[in-house]
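Colleague: Here you go, start-v1.tsv (TSV, C-alpha atoms):
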```tsv
chain	number	residue	atom	x	y	z
G	1	MET	CA	-119.55	15.46	129.60
G	2	ASP	CA	-120.88	19.03	129.38
G	3	GLN	CA	-120.88	22.42	131.09
G	4	TYR	CA	-123.73	21.41	133.40
G	5	LYS	CA	-121.62	18.61	134.83
G	6	LEU	CA	-118.73	21.03	135.31
G	7	LYS	CA	-121.07	23.42	137.14
G	8	GLU	CA	-121.90	20.62	139.57
G	9	TYR	CA	-118.20	20.24	140.36
G	10	MET	CA	-117.84	24.02	140.73
G	11	ALA	CA	-120.76	24.11	143.16
G	12	ARG	CA	-119.18	21.37	145.28
G	13	GLU	CA	-115.76	23.06	145.33
G	14	PRO	CA	-116.29	26.80	144.75
G	15	ASP	CA	-112.72	27.71	145.74
G	16	ALA	CA	-110.97	25.15	143.50
G	17	LYS	CA	-109.04	26.20	140.42
G	18	LEU	CA	-110.77	25.52	137.13
G	19	ARG	CA	-107.95	23.25	135.90
G	20	ASP	CA	-108.32	21.07	139.02
G	21	LEU	CA	-112.08	20.82	138.57
G	22	VAL	CA	-111.65	19.82	134.93
G	23	ALA	CA	-109.03	17.26	135.98
G	24	SER	CA	-111.45	15.80	138.55
G	25	LEU	CA	-114.23	15.67	135.97
G	26	LEU	CA	-112.04	13.96	133.38
G	27	TYR	CA	-110.69	11.56	136.02
G	28	ASP	CA	-114.21	10.52	137.03
G	29	GLU	CA	-115.29	10.11	133.40
G	30	ILE	CA	-112.23	7.93	132.66
G	31	VAL	CA	-112.61	5.75	135.75
G	32	ALA	CA	-116.33	5.31	135.05
G	33	LEU	CA	-115.37	4.30	131.48
G	34	ARG	CA	-117.61	7.00	130.02
G	35	ILE	CA	-114.46	8.08	128.19
G	36	ALA	CA	-113.34	4.82	126.63
G	37	PRO	CA	-109.84	3.39	127.17
G	38	GLY	CA	-107.46	4.44	124.42
G	39	THR	CA	-109.46	7.54	123.49
G	40	ARG	CA	-107.54	10.51	122.12
G	41	LEU	CA	-108.37	13.56	124.22
G	42	ASN	CA	-109.18	16.50	121.97
G	43	VAL	CA	-108.49	19.72	123.91
G	44	ASN	CA	-110.60	21.91	121.63
G	45	GLN	CA	-113.55	19.52	121.71
G	46	ILE	CA	-113.47	19.16	125.50
G	47	ALA	CA	-113.15	22.92	125.99
G	48	SER	CA	-116.09	23.54	123.67
G	49	SER	CA	-118.31	20.97	125.41
G	50	LEU	CA	-117.52	22.49	128.82
G	51	GLY	CA	-117.88	26.08	127.63
G	52	ILE	CA	-114.39	27.12	128.75
G	53	SER	CA	-111.05	28.05	127.18
G	54	ARG	CA	-108.39	25.57	126.09
G	55	THR	CA	-105.88	26.46	128.82
G	56	PRO	CA	-107.53	24.79	131.86
G	57	VAL	CA	-108.31	21.73	129.75
G	58	ALA	CA	-104.69	21.41	128.61
G	59	GLU	CA	-103.51	21.89	132.20
G	60	ALA	CA	-105.99	19.26	133.44
G	61	ILE	CA	-104.79	16.73	130.86
G	62	ALA	CA	-101.19	17.44	131.89
G	63	LYS	CA	-102.15	16.75	135.52
G	64	LEU	CA	-103.77	13.44	134.59
G	65	THR	CA	-100.66	12.56	132.59
G	66	ASP	CA	-98.54	13.15	135.69
G	67	VAL	CA	-100.63	10.70	137.75
G	68	GLY	CA	-100.73	8.06	135.02
G	69	PHE	CA	-104.29	8.11	133.68
G	70	VAL	CA	-103.32	9.75	130.40
G	71	THR	CA	-100.33	8.98	128.22
G	72	THR	CA	-98.67	9.92	124.93
G	73	HIS	CA	-97.64	7.60	122.11
G	74	PRO	CA	-94.21	7.81	120.44
G	75	GLY	CA	-94.52	9.23	116.94
G	76	GLN	CA	-98.12	10.37	117.52
G	77	SER	CA	-99.43	13.75	118.57
G	78	GLY	CA	-101.95	14.26	121.34
G	79	SER	CA	-102.78	12.66	124.66
G	80	TYR	CA	-104.60	9.37	125.11
G	81	VAL	CA	-106.52	7.67	127.92
G	82	LEU	CA	-104.70	4.56	129.11
G	83	ASP	CA	-105.66	1.55	127.04
G	84	LEU	CA	-106.80	-1.77	128.46
G	85	SER	CA	-106.36	-5.34	127.27
G	86	LEU	CA	-106.60	-8.80	128.78
G	87	THR	CA	-102.89	-9.43	128.18
G	88	ASP	CA	-101.97	-6.25	130.05
G	89	MET	CA	-104.41	-7.07	132.85
G	90	ILE	CA	-102.78	-10.47	133.37
G	91	SER	CA	-99.35	-8.85	133.77
G	92	LEU	CA	-100.71	-6.18	136.09
G	93	TYR	CA	-102.61	-8.64	138.26
G	94	GLN	CA	-99.52	-10.80	138.73
G	95	VAL	CA	-97.87	-7.81	140.43
G	96	ARG	CA	-101.09	-6.84	142.18
G	97	SER	CA	-101.37	-10.31	143.70
G	98	ALA	CA	-97.85	-10.14	145.11
G	99	ILE	CA	-98.41	-6.73	146.70
G	100	GLU	CA	-101.95	-7.18	148.00
G	101	SER	CA	-101.43	-10.72	149.28
G	102	GLU	CA	-98.49	-9.58	151.36
G	103	ALA	CA	-100.44	-6.52	152.51
G	104	ALA	CA	-103.33	-8.73	153.63
G	105	ALA	CA	-100.94	-10.93	155.62
G	106	LEU	CA	-99.36	-7.90	157.29
G	107	ALA	CA	-102.77	-6.37	158.00
G	108	ALA	CA	-103.61	-9.49	160.02
G	109	TYR	CA	-100.82	-8.36	162.36
G	110	THR	CA	-101.11	-4.58	162.17
G	111	ALA	CA	-104.67	-3.50	161.27
G	112	SER	CA	-106.34	-1.54	164.05
G	113	ASP	CA	-109.71	-2.56	165.40
G	114	ALA	CA	-111.18	0.53	163.73
G	115	ASP	CA	-109.71	-0.47	160.35
G	116	VAL	CA	-111.02	-4.03	160.77
G	117	ARG	CA	-114.50	-2.69	161.46
G	118	GLU	CA	-114.38	-0.42	158.41
G	119	LEU	CA	-113.03	-3.20	156.19
G	120	THR	CA	-115.84	-5.46	157.41
G	121	LEU	CA	-118.46	-2.85	156.55
G	122	LEU	CA	-116.96	-2.32	153.08
G	123	ALA	CA	-116.80	-6.09	152.43
G	124	GLU	CA	-120.42	-6.58	153.45
G	125	ALA	CA	-121.55	-3.60	151.38
G	126	PHE	CA	-119.66	-4.88	148.34
G	127	HIS	CA	-121.30	-8.30	148.65
G	128	ASP	CA	-124.70	-6.66	148.89
G	129	SER	CA	-124.00	-4.42	145.88
G	130	VAL	CA	-122.90	-7.38	143.75
G	131	THR	CA	-126.03	-9.28	144.73
G	132	ARG	CA	-128.21	-6.33	143.69
G	133	ARG	CA	-126.12	-5.54	140.58
G	134	ASP	CA	-125.65	-2.03	141.95
G	135	ILE	CA	-122.77	-0.71	139.85
G	136	ARG	CA	-122.43	2.52	141.79
G	137	GLY	CA	-122.42	0.65	145.10
G	138	MET	CA	-119.74	-1.73	143.85
G	139	LYS	CA	-117.53	1.14	142.73
G	140	GLU	CA	-118.00	2.91	146.07
G	141	THR	CA	-116.92	-0.15	148.08
G	142	ASP	CA	-114.46	-2.13	145.93
G	143	MET	CA	-111.41	0.12	145.58
G	144	PRO	CA	-111.92	1.72	149.03
G	145	PHE	CA	-111.68	-1.79	150.53
G	146	HIS	CA	-108.38	-2.45	148.78
G	147	ARG	CA	-106.98	1.01	149.53
G	148	LEU	CA	-107.79	0.71	153.23
G	149	LEU	CA	-106.23	-2.75	153.30
G	150	ILE	CA	-103.01	-1.35	151.84
G	151	ASP	CA	-103.07	1.62	154.22
G	152	SER	CA	-103.55	-0.67	157.23
G	153	CYS	CA	-100.69	-3.04	156.41
G	154	GLY	CA	-98.06	-0.80	158.01
G	155	ASN	CA	-95.44	-1.13	155.26
G	156	PRO	CA	-94.70	2.19	153.47
G	157	TYR	CA	-92.87	0.47	150.60
G	158	LEU	CA	-95.86	-1.71	149.78
G	159	LYS	CA	-97.98	1.43	149.78
G	160	GLN	CA	-95.59	3.21	147.41
G	161	SER	CA	-95.53	0.22	145.07
G	162	TYR	CA	-99.33	0.06	145.08
G	163	GLU	CA	-99.58	3.74	144.15
G	164	LEU	CA	-97.66	3.00	140.94
G	165	LEU	CA	-100.30	0.45	139.93
G	166	LEU	CA	-103.28	2.52	140.97
G	167	PRO	CA	-104.22	4.35	137.73
G	168	LYS	CA	-104.53	1.24	135.60
G	169	LEU	CA	-105.75	-0.90	138.46
G	170	THR	CA	-108.61	1.52	139.10
G	171	MET	CA	-109.64	1.34	135.45
G	172	TYR	CA	-109.52	-2.47	135.36
G	173	GLN	CA	-111.53	-2.65	138.57
G	174	SER	CA	-114.12	-0.30	137.09
G	175	SER	CA	-114.29	-2.47	133.99
G	176	MET	CA	-114.88	-5.58	136.05
G	177	VAL	CA	-117.70	-3.89	137.94
G	178	GLU	CA	-119.29	-3.01	134.60
G	179	PHE	CA	-119.00	-6.66	133.52
G	180	ILE	CA	-120.65	-7.86	136.74
G	181	GLY	CA	-123.46	-5.35	136.47
G	182	LYS	CA	-124.26	-5.50	132.77
G	183	SER	CA	-123.07	-8.66	131.06
G	184	GLY	CA	-124.84	-11.58	132.67
G	185	GLY	CA	-122.34	-12.13	135.44
G	186	GLU	CA	-124.51	-14.71	137.15
G	187	ASN	CA	-123.77	-17.11	134.29
G	188	ASN	CA	-120.04	-16.73	134.93
G	189	PRO	CA	-118.81	-19.65	137.10
G	190	TRP	CA	-116.42	-17.32	138.94
G	191	MET	CA	-119.22	-15.06	140.22
G	192	PRO	CA	-119.55	-16.78	143.64
G	193	SER	CA	-115.82	-16.28	144.29
G	194	VAL	CA	-116.00	-12.61	143.35
G	195	LYS	CA	-119.03	-12.09	145.56
G	196	TYR	CA	-117.54	-13.63	148.70
G	197	ASN	CA	-113.80	-12.90	148.40
G	198	HIS	CA	-113.82	-9.62	150.33
G	199	THR	CA	-115.61	-11.19	153.27
G	200	SER	CA	-113.17	-14.13	153.24
G	201	ILE	CA	-110.20	-11.77	153.35
G	202	ILE	CA	-111.50	-9.67	156.20
G	203	SER	CA	-112.54	-12.76	158.14
G	204	ALA	CA	-108.93	-13.96	158.08
G	205	ILE	CA	-107.67	-10.52	159.12
G	206	ARG	CA	-110.23	-10.27	161.90
G	207	LEU	CA	-109.10	-13.68	163.19
G	208	ARG	CA	-105.45	-12.50	162.97
G	209	MET	CA	-104.49	-15.37	160.66
G	210	PRO	CA	-101.87	-13.93	158.25
G	211	GLU	CA	-101.35	-17.00	156.05
G	212	LEU	CA	-105.07	-17.39	155.51
G	213	ALA	CA	-105.34	-13.68	154.72
G	214	ARG	CA	-102.52	-14.02	152.19
G	215	SER	CA	-104.07	-17.02	150.44
G	216	SER	CA	-107.56	-15.45	150.50
G	217	MET	CA	-106.27	-12.33	148.75
G	218	ALA	CA	-104.35	-14.39	146.18
G	219	GLU	CA	-107.54	-16.34	145.47
G	220	HIS	CA	-109.48	-13.08	145.11
G	221	VAL	CA	-107.08	-11.62	142.55
G	222	SER	CA	-107.03	-14.92	140.65
G	223	SER	CA	-110.82	-15.24	140.59
G	224	SER	CA	-111.21	-11.61	139.50
G	225	LEU	CA	-108.91	-12.23	136.58
G	226	ALA	CA	-110.68	-15.46	135.69
G	227	PHE	CA	-114.08	-13.76	135.85
G	228	THR	CA	-112.91	-11.04	133.45
G	229	SER	CA	-111.29	-13.56	131.11
G	230	LEU	CA	-114.50	-15.58	130.79
G	231	THR	CA	-116.56	-12.45	130.23
G	232	GLY	CA	-115.06	-12.16	126.74
G	233	HIS	CA	-116.17	-15.67	125.70
G	234	GLY	CA	-112.79	-16.22	124.04
G	235	ALA	CA	-112.33	-12.62	122.88
G	236	ASP	CA	-110.74	-9.66	124.62
G	237	PRO	CA	-113.49	-8.45	127.02
G	238	PHE	CA	-112.19	-4.88	126.91
G	239	ALA	CA	-113.20	-4.60	123.28
G	240	VAL	CA	-116.75	-4.23	124.63
G	241	VAL	CA	-115.71	-1.46	127.00
G	242	LYS	CA	-114.01	0.37	124.14
G	243	GLY	CA	-117.10	0.04	121.98
G	244	LYS	CA	-115.48	-2.27	119.42
```
As a first step, turn the structure in this file into structure tokens.
Modeller:
Amino acid sequence: MDQYKLKEYMAREPDAKLRDLVASLLYDEIVALRIAPGTRLNVNQIASSLGISRTPVAEAIAKLTDVGFVTTHPGQSGSYVLDLSLTDMISLYQVRSAIESEAAALAAYTASDADVRELTLLAEAFHDSVTRRDIRGMKETDMPFHRLLIDSCGNPYLKQSYELLLPKLTMYQSSMVEFIGKSGGENNPWMPSVKYNHTSIISAIRLRMPELARSSMAEHVSSSLAFTSLTGHGADPFAVVKGK
């Protein structure tokens, strides 16, 4: 992360406030795991690398804290990127399965034809990206598929609940994409499930079969968790992401 990267963001959004641009830059670096989970964010160091003052950096970190990507630790000074662990992922995915499975079932009733078409395109693109080990393509199609599914379910309370999970869920999803792309995912027995789950879910929604959509989503969340678990070969797979 350097001042040249910040200039790219400034060129894209010339009217944006500097603190918002820095927040977007930090957000993207965190989600892409270029800033490792659990990292302490040093305001002075970040400001120096970007060639700006401390104030917009501190304000950007505060903004990321508000949305849940950055946290503080009791008894410790400073701000830290959310940490990841397999134990935490298991707990999170239990809740994720409940929310997204119900959303998939509701979407089979409520999703518009336009949403179904877009979900189908995203599912097909994700499958193609996994096949080609295209990390960028996977990241551009994975979370958008799930977000659109939630948005199309028609239940505002499910959407609100999902928003609470989103910061950590986004980071875990990014981690999984990294595992698929870089760590010999083809040798993982859960790879076929991961590759085809999105298309199975949207097929059920397109056929307006809510129970099948619910079970397909539950299977997807379960296989994603199993894939990540086996990636560690008995150890916590996120130790690799954190450079341990």
Colleague: Which of these residues is nearest to Ser222 in chain G, using all atoms listed in the file: G:Ala58, G:Ala36, G:Leu25, G:Val194?
Modeller: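 Going through G:Ala58, G:Ala36, G:Leu25, G:Val194 one by one, the smallest distance to Ser222 in chain G is for G:Val194.
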Colleague: Between G:Ala23, G:Ala125, G:Ala105, G:Ala47, which is the closest to Lys195 in chain G once you count all atoms listed in the file?
Modeller: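 Looking at the shortest contact to Lys195 in chain G, the residue is G:Ala125.
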Colleague: Counting all atoms listed in the file, figure out which residue out of G:Met143, G:Leu18, G:Leu86, G:Ile61 gets nearest to Leu119 in chain G.
Modeller: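 Comparing G:Met143, G:Leu18, G:Leu86, G:Ile61 against Leu119 in chain G, the winner is G:Met143.
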Colleague: Which residue gives the smallest distance to Lys168 in chain G among G:Glu29, G:Asp20, G:Asp134, G:Asp88, with all atoms listed in the file counted?
Modeller: G:Asp88
Colleague: Ser48 in chain G: which residues within 12 Å, counting all atoms listed in the file, same-chain residues fewer than 4 positions away excluded, as an MDAnalysis selection string?
Modeller: chainID G and resid 1:3 42:44 52:57
Colleague: What does the structure give for the distance between CA of Val81 in chain G and CA of Ala103 in chain G, in Å to one decimal?
Modeller: 29.0 Å
